[in-house]
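Undergrad: The structure under discussion is supplied below as structure tokens; questions concerning it will follow.
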Amino acid sequence: MENSLAHIQAWKNRRRSQKKPFKKFLGSLSKRKNKDLDQKAAELNEKAFTKIDCLDCANCCTSIPPIVTRSDVRRLCKATGIKESEFKKQYLRQDEDDDWVMNTTPCPFLQEDNKCSVYEDRPKACRKYPHTDADEFRNNLDLHAGNAHYCPAVFHILEEMIKLGS
Ligand code: SF4
Ligand code: SF4
């Protein structure tokens, strides 16, 4: 993908400076109804991922341990052929909210080429991240300013939304 690495580098250089403006923008967004928001989010989400290739990034898999639900565990155990008790011992820990999460960052299933070795069976939290597609965007307004620090696509989407004056 052309310029993907350049977009990621630009995000790394600028992400700190935008935290406050993003919070302010998202705060104003949550206070009013915006009928077009789902459509705008879907369009900007698609556009962001034509500019940024996750395989050039993998920052979410490197820095945020995903929640792993019971059904995720069952699916992953089936895929890896590991017993549930062994899987928990080897890959999971309980976080401060008592949720089960991957026990290391980077994620134990992240490969050197930035691919996920359990991609087809990855946790639901990984599928949903970064929560920017259509109604996912609207339903997670409180997460985006924080996520823009970890995900260049979220950063890009918020900058574009501010430019459009959503
Ligand atoms: S399970 Fe796969 S997609 Fe999820 S954090 Fe680990 S490497 Fe990334
Ligand atoms: S942080 Fe965002 S851009 Fe990077 S790999 Fe994750 S979802 Fe893709």
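In the structure tokens, each chain is lettered A, B, ... as it comes, each chain's residues begin at 1, and ligands are numbered from 1 in order of appearance.
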Which chain A residues have any atom within 7 Å of an atom of ligand 2, and for each, what is the nearest pair of atoms with distance in Å to one decimal, counting only C-alpha atoms and all ligand atoms, rows sorted by chain and number, as a tab-separated table?
TA:
residue	atom	partner	partner_atom_place_in_ligand_line	distance
A:Ile52	CA	ligand 2	3 (S)	6.1
A:Asp53	CA	ligand 2	3 (S)	6.5
A:Cys54	CA	ligand 2	8 (Fe)	3.8
A:Leu55	CA	ligand 2	5 (S)	6.4
A:Cys57	CA	ligand 2	4 (Fe)	4.5
A:Ala58	CA	ligand 2	5 (S)	3.6
A:Asn59	CA	ligand 2	1 (S)	4.4
A:Cys60	CA	ligand 2	1 (S)	4.2
A:Cys61	CA	ligand 2	6 (Fe)	6.5
A:Tyr129	CA	ligand 2	7 (S)	6.0
A:Pro130	CA	ligand 2	7 (S)	5.5
A:Tyr150	CA	ligand 2	1 (S)	5.6
A:Cys151	CA	ligand 2	1 (S)	3.6
A:Pro152	CA	ligand 2	3 (S)	5.2
A:Ala153	CA	ligand 2	3 (S)	4.9
A:Val154	CA	ligand 2	2 (Fe)	6.8
Undergrad: Give me, as a VMD selection string, the set of residues whose atoms come within 6 Å of any atom of ligand 1, counting only C-alpha atoms and all ligand atoms.
TA: chain A and resid 61 66 107 109 to 110 116 118 to 119 122 126
Undergrad: Find, counting only C-alpha atoms, the residue in A:Glu43, A:Glu159, A:Asp56, A:Asp38 that gets nearest to Asp135 in chain A.
TA: A:Asp38
Undergrad: Excluding same-chain residues fewer than 4 positions from Trp11 in chain A, what lies within 8 Å of it counting only C-alpha atoms, as a ChimeraX atom specification?
TA: /A:7,15,152,155
Undergrad: From a DSSP pass on the backbone, collect the residues of chain A flagged as strand (DSSP E) and hand them back as a ChimeraX atom specification.
TA: /A:92-94,100-102
Undergrad: Write out, as CSV, each residue of range 7-78 of chain A that has an atom at most 9 Å from range 137-147 of chain A, together with the closest pair of atoms and their distance in Å to one decimal, counting only C-alpha atoms, rows going by chain and rising number.
TA:
residue,atom,partner,partner_atom,distance
A:Gln18,CA,A:Ala145,CA,8.6
A:Lys19,CA,A:Ala145,CA,6.1
A:Lys20,CA,A:Ala145,CA,8.2
A:Pro21,CA,A:Ala145,CA,8.9
A:Phe22,CA,A:Ala145,CA,5.6
A:Lys23,CA,A:Ala145,CA,5.6
A:Leu26,CA,A:Leu141,CA,6.3
A:Gly27,CA,A:Leu141,CA,8.1
A:Leu29,CA,A:Leu141,CA,8.2
A:Ser30,CA,A:Leu141,CA,7.0
A:Leu37,CA,A:Arg138,CA,7.1
A:Asp38,CA,A:Arg138,CA,6.8
A:Ala41,CA,A:Phe137,CA,6.4
A:Ala42,CA,A:Phe137,CA,8.4
Undergrad: How about saving the chosen residues, N, CA and C atoms kept, as a PDB file, in the first residue's frame?
TA:
ATOM      1  N   GLN A  18      -2.502  15.866  19.370  1.00  0.00           N
ATOM      2  CA  GLN A  18      -3.919  15.910  19.024  1.00  0.00           C
ATOM      3  C   GLN A  18      -4.848  15.368  20.110  1.00  0.00           C
ATOM      4  N   LYS A  19      -4.282  14.892  21.192  1.00  0.00           N
ATOM      5  CA  LYS A  19      -5.132  14.251  22.203  1.00  0.00           C
ATOM      6  C   LYS A  19      -6.238  15.187  22.711  1.00  0.00           C
ATOM      7  N   LYS A  20      -5.855  16.413  23.086  1.00  0.00           N
ATOM      8  CA  LYS A  20      -6.851  17.351  23.621  1.00  0.00           C
ATOM      9  C   LYS A  20      -7.872  17.764  22.560  1.00  0.00           C
ATOM     10  N   PRO A  21      -7.408  18.184  21.350  1.00  0.00           N
ATOM     11  CA  PRO A  21      -8.396  18.527  20.317  1.00  0.00           C
ATOM     12  C   PRO A  21      -9.367  17.383  20.013  1.00  0.00           C
ATOM     13  N   PHE A  22      -8.874  16.157  19.997  1.00  0.00           N
ATOM     14  CA  PHE A  22      -9.766  15.012  19.730  1.00  0.00           C
ATOM     15  C   PHE A  22     -10.798  14.868  20.842  1.00  0.00           C
ATOM     16  N   LYS A  23     -10.364  15.009  22.076  1.00  0.00           N
ATOM     17  CA  LYS A  23     -11.301  14.866  23.206  1.00  0.00           C
ATOM     18  C   LYS A  23     -12.393  15.912  23.121  1.00  0.00           C
ATOM     19  N   LEU A  26     -14.781  15.045  20.201  1.00  0.00           N
ATOM     20  CA  LEU A  26     -15.662  13.909  20.500  1.00  0.00           C
ATOM     21  C   LEU A  26     -16.698  14.282  21.557  1.00  0.00           C
ATOM     22  N   GLY A  27     -16.291  15.151  22.499  1.00  0.00           N
ATOM     23  CA  GLY A  27     -17.236  15.633  23.500  1.00  0.00           C
ATOM     24  C   GLY A  27     -18.368  16.401  22.846  1.00  0.00           C
ATOM     25  N   LEU A  29     -19.372  16.063  19.823  1.00  0.00           N
ATOM     26  CA  LEU A  29     -20.125  15.123  18.981  1.00  0.00           C
ATOM     27  C   LEU A  29     -21.153  14.352  19.804  1.00  0.00           C
ATOM     28  N   SER A  30     -20.762  13.990  21.030  1.00  0.00           N
ATOM     29  CA  SER A  30     -21.666  13.171  21.833  1.00  0.00           C
ATOM     30  C   SER A  30     -22.843  13.977  22.369  1.00  0.00           C
ATOM     31  N   LEU A  37     -23.674  10.552  10.979  1.00  0.00           N
ATOM     32  CA  LEU A  37     -22.424  10.094  11.583  1.00  0.00           C
ATOM     33  C   LEU A  37     -22.039   8.664  11.185  1.00  0.00           C
ATOM     34  N   ASP A  38     -22.998   7.742  11.175  1.00  0.00           N
ATOM     35  CA  ASP A  38     -22.673   6.347  10.834  1.00  0.00           C
ATOM     36  C   ASP A  38     -22.100   6.260   9.427  1.00  0.00           C
ATOM     37  N   ALA A  41     -18.656   7.865   9.305  1.00  0.00           N
ATOM     38  CA  ALA A  41     -17.675   6.984   9.960  1.00  0.00           C
ATOM     39  C   ALA A  41     -17.326   5.822   9.037  1.00  0.00           C
ATOM     40  N   ALA A  42     -18.337   5.221   8.406  1.00  0.00           N
ATOM     41  CA  ALA A  42     -18.084   4.079   7.511  1.00  0.00           C
ATOM     42  C   ALA A  42     -17.183   4.493   6.353  1.00  0.00           C
TER      43      ALA A  42
END
Undergrad: I'd like to know which of A:Lys51, A:Asp113, A:Asn34, A:Ser28 is closest to Ala6 in chain A, using only C-alpha atoms.
TA: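 Checking each of A:Lys51, A:Asp113, A:Asn34, A:Ser28 against Ala6 in chain A, counting only C-alpha atoms, the winner is A:Lys51.
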Undergrad: Could you check which of A:Thr50, A:Ala10, A:Asp99, A:Thr132 is closest to Leu158 in chain A, using only C-alpha atoms?
TA: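 The answer is A:Thr132, which sits nearest to Leu158 in chain A.
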Undergrad: What are the DSSP helix (DSSP H, G or I) residues of chain A, as JSON, numbers by chain?
TA: {"A": [4, 5, 6, 7, 8, 9, 10, 11, 12, 13, 14, 15, 16, 17, 18, 19, 20, 21, 22, 23, 24, 25, 26, 27, 28, 29, 30, 37, 38, 39, 40, 41, 42, 43, 44, 45, 46, 47, 48, 49, 50, 51, 54, 55, 56, 59, 60, 61, 62, 63, 70, 71, 72, 73, 74, 75, 76, 77, 78, 79, 80, 84, 85, 86, 87, 88, 89, 90, 91, 119, 120, 121, 124, 125, 126, 127, 128, 135, 136, 137, 138, 139, 141, 142, 143, 144, 145, 146, 147, 152, 153, 154, 155, 156, 157, 158, 159, 160, 161, 162, 163, 164]}
Undergrad: Next, dump the selected residues to file, keeping only C-alpha atoms, as a short mmCIF file (atom, residue, chain, number, x, y, z; two decimals), in the first residue's frame.
TA:
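Final output, again-v2.cif:
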data_model
loop_
_atom_site.label_atom_id
_atom_site.label_comp_id
_atom_site.auth_asym_id
_atom_site.auth_seq_id
_atom_site.Cartn_x
_atom_site.Cartn_y
_atom_site.Cartn_z
CA SER A 4 1.33 3.42 4.43
CA LEU A 5 4.61 3.56 6.35
CA ALA A 6 4.79 7.34 5.86
CA HIS A 7 1.26 7.73 7.31
CA ILE A 8 2.23 5.61 10.29
CA GLN A 9 5.39 7.62 10.89
CA ALA A 10 3.44 10.91 10.63
CA TRP A 11 0.98 9.59 13.23
CA LYS A 12 3.84 8.66 15.57
CA ASN A 13 5.21 12.19 15.30
CA ARG A 14 1.89 13.94 15.83
CA ARG A 15 -0.30 11.74 18.01
CA ARG A 16 0.51 13.48 21.31
CA SER A 17 -0.38 16.92 20.00
CA GLN A 18 -3.92 15.91 19.02
CA LYS A 19 -5.13 14.25 22.20
CA LYS A 20 -6.85 17.35 23.62
CA PRO A 21 -8.40 18.53 20.32
CA PHE A 22 -9.77 15.01 19.73
CA LYS A 23 -11.30 14.87 23.21
CA LYS A 24 -12.93 18.24 22.69
CA PHE A 25 -14.26 17.24 19.29
CA LEU A 26 -15.66 13.91 20.50
CA GLY A 27 -17.24 15.63 23.50
CA SER A 28 -19.07 18.02 21.20
CA LEU A 29 -20.13 15.12 18.98
CA SER A 30 -21.67 13.17 21.83
CA LEU A 37 -22.42 10.09 11.58
CA ASP A 38 -22.67 6.35 10.83
CA GLN A 39 -22.28 6.92 7.12
CA LYS A 40 -19.41 9.37 7.57
CA ALA A 41 -17.68 6.98 9.96
CA ALA A 42 -18.08 4.08 7.51
CA GLU A 43 -16.67 6.13 4.64
CA LEU A 44 -13.75 7.52 6.63
CA ASN A 45 -13.03 4.10 8.12
CA GLU A 46 -12.79 2.58 4.66
CA LYS A 47 -10.64 5.45 3.43
CA ALA A 48 -8.27 5.20 6.42
CA PHE A 49 -7.64 1.53 5.75
CA THR A 50 -6.86 2.19 2.10
CA LYS A 51 -4.06 4.47 3.34
CA CYS A 54 -2.31 -3.03 9.39
CA LEU A 55 0.59 -5.30 8.41
CA ASP A 56 2.86 -2.22 8.43
CA ASN A 59 0.49 -1.53 17.09
CA CYS A 60 -2.76 -2.82 18.65
CA CYS A 61 -1.42 -6.38 18.77
CA THR A 62 1.86 -5.05 20.17
CA SER A 63 0.49 -2.80 22.88
CA ARG A 70 -15.20 -17.90 27.02
CA SER A 71 -16.39 -18.45 23.46
CA ASP A 72 -13.09 -17.00 22.18
CA VAL A 73 -11.23 -19.50 24.37
CA ARG A 74 -13.34 -22.41 23.09
CA ARG A 75 -12.76 -21.37 19.47
CA LEU A 76 -9.03 -20.79 19.95
CA CYS A 77 -8.60 -24.11 21.75
CA LYS A 78 -10.34 -25.92 18.92
CA ALA A 79 -8.10 -24.15 16.39
CA THR A 80 -4.84 -24.72 18.27
CA GLU A 84 -8.77 -24.97 27.81
CA SER A 85 -6.97 -25.28 31.17
CA GLU A 86 -3.59 -25.34 29.41
CA PHE A 87 -4.55 -22.45 27.11
CA LYS A 88 -5.49 -20.27 30.09
CA LYS A 89 -2.29 -21.13 31.90
CA GLN A 90 -0.13 -20.49 28.86
CA TYR A 91 -1.75 -17.42 27.27
CA TYR A 119 -6.44 -14.77 12.46
CA GLU A 120 -9.55 -16.76 11.45
CA ASP A 121 -10.25 -17.59 15.10
CA LYS A 124 -14.02 -10.85 19.06
CA ALA A 125 -12.24 -7.84 20.60
CA CYS A 126 -9.59 -8.07 17.88
CA ARG A 127 -12.25 -8.23 15.14
CA LYS A 128 -14.00 -5.14 16.47
CA ASP A 135 -22.43 2.49 14.33
CA GLU A 136 -19.38 1.07 16.11
CA PHE A 137 -17.93 4.58 15.87
CA ARG A 138 -21.02 6.22 17.41
CA ASN A 139 -21.29 3.63 20.16
CA LEU A 141 -17.18 7.80 21.30
CA ASP A 142 -15.50 7.68 24.70
CA LEU A 143 -12.77 5.36 23.39
CA HIS A 144 -11.56 7.09 20.23
CA ALA A 145 -9.35 9.82 21.71
CA GLY A 146 -7.44 7.18 23.68
CA ASN A 147 -7.35 4.77 20.76
CA PRO A 152 -3.02 5.51 13.21
CA ALA A 153 -6.33 4.71 11.48
CA VAL A 154 -8.36 6.18 14.36
CA PHE A 155 -6.11 9.23 14.34
CA HIS A 156 -6.64 9.67 10.62
CA ILE A 157 -10.42 9.25 10.87
CA LEU A 158 -10.71 11.84 13.65
CA GLU A 159 -8.57 14.35 11.80
CA GLU A 160 -10.69 13.93 8.67
CA MET A 161 -13.92 14.25 10.65
CA ILE A 162 -12.73 17.48 12.23
CA LYS A 163 -11.80 18.82 8.78
CA LEU A 164 -15.29 17.95 7.52
#
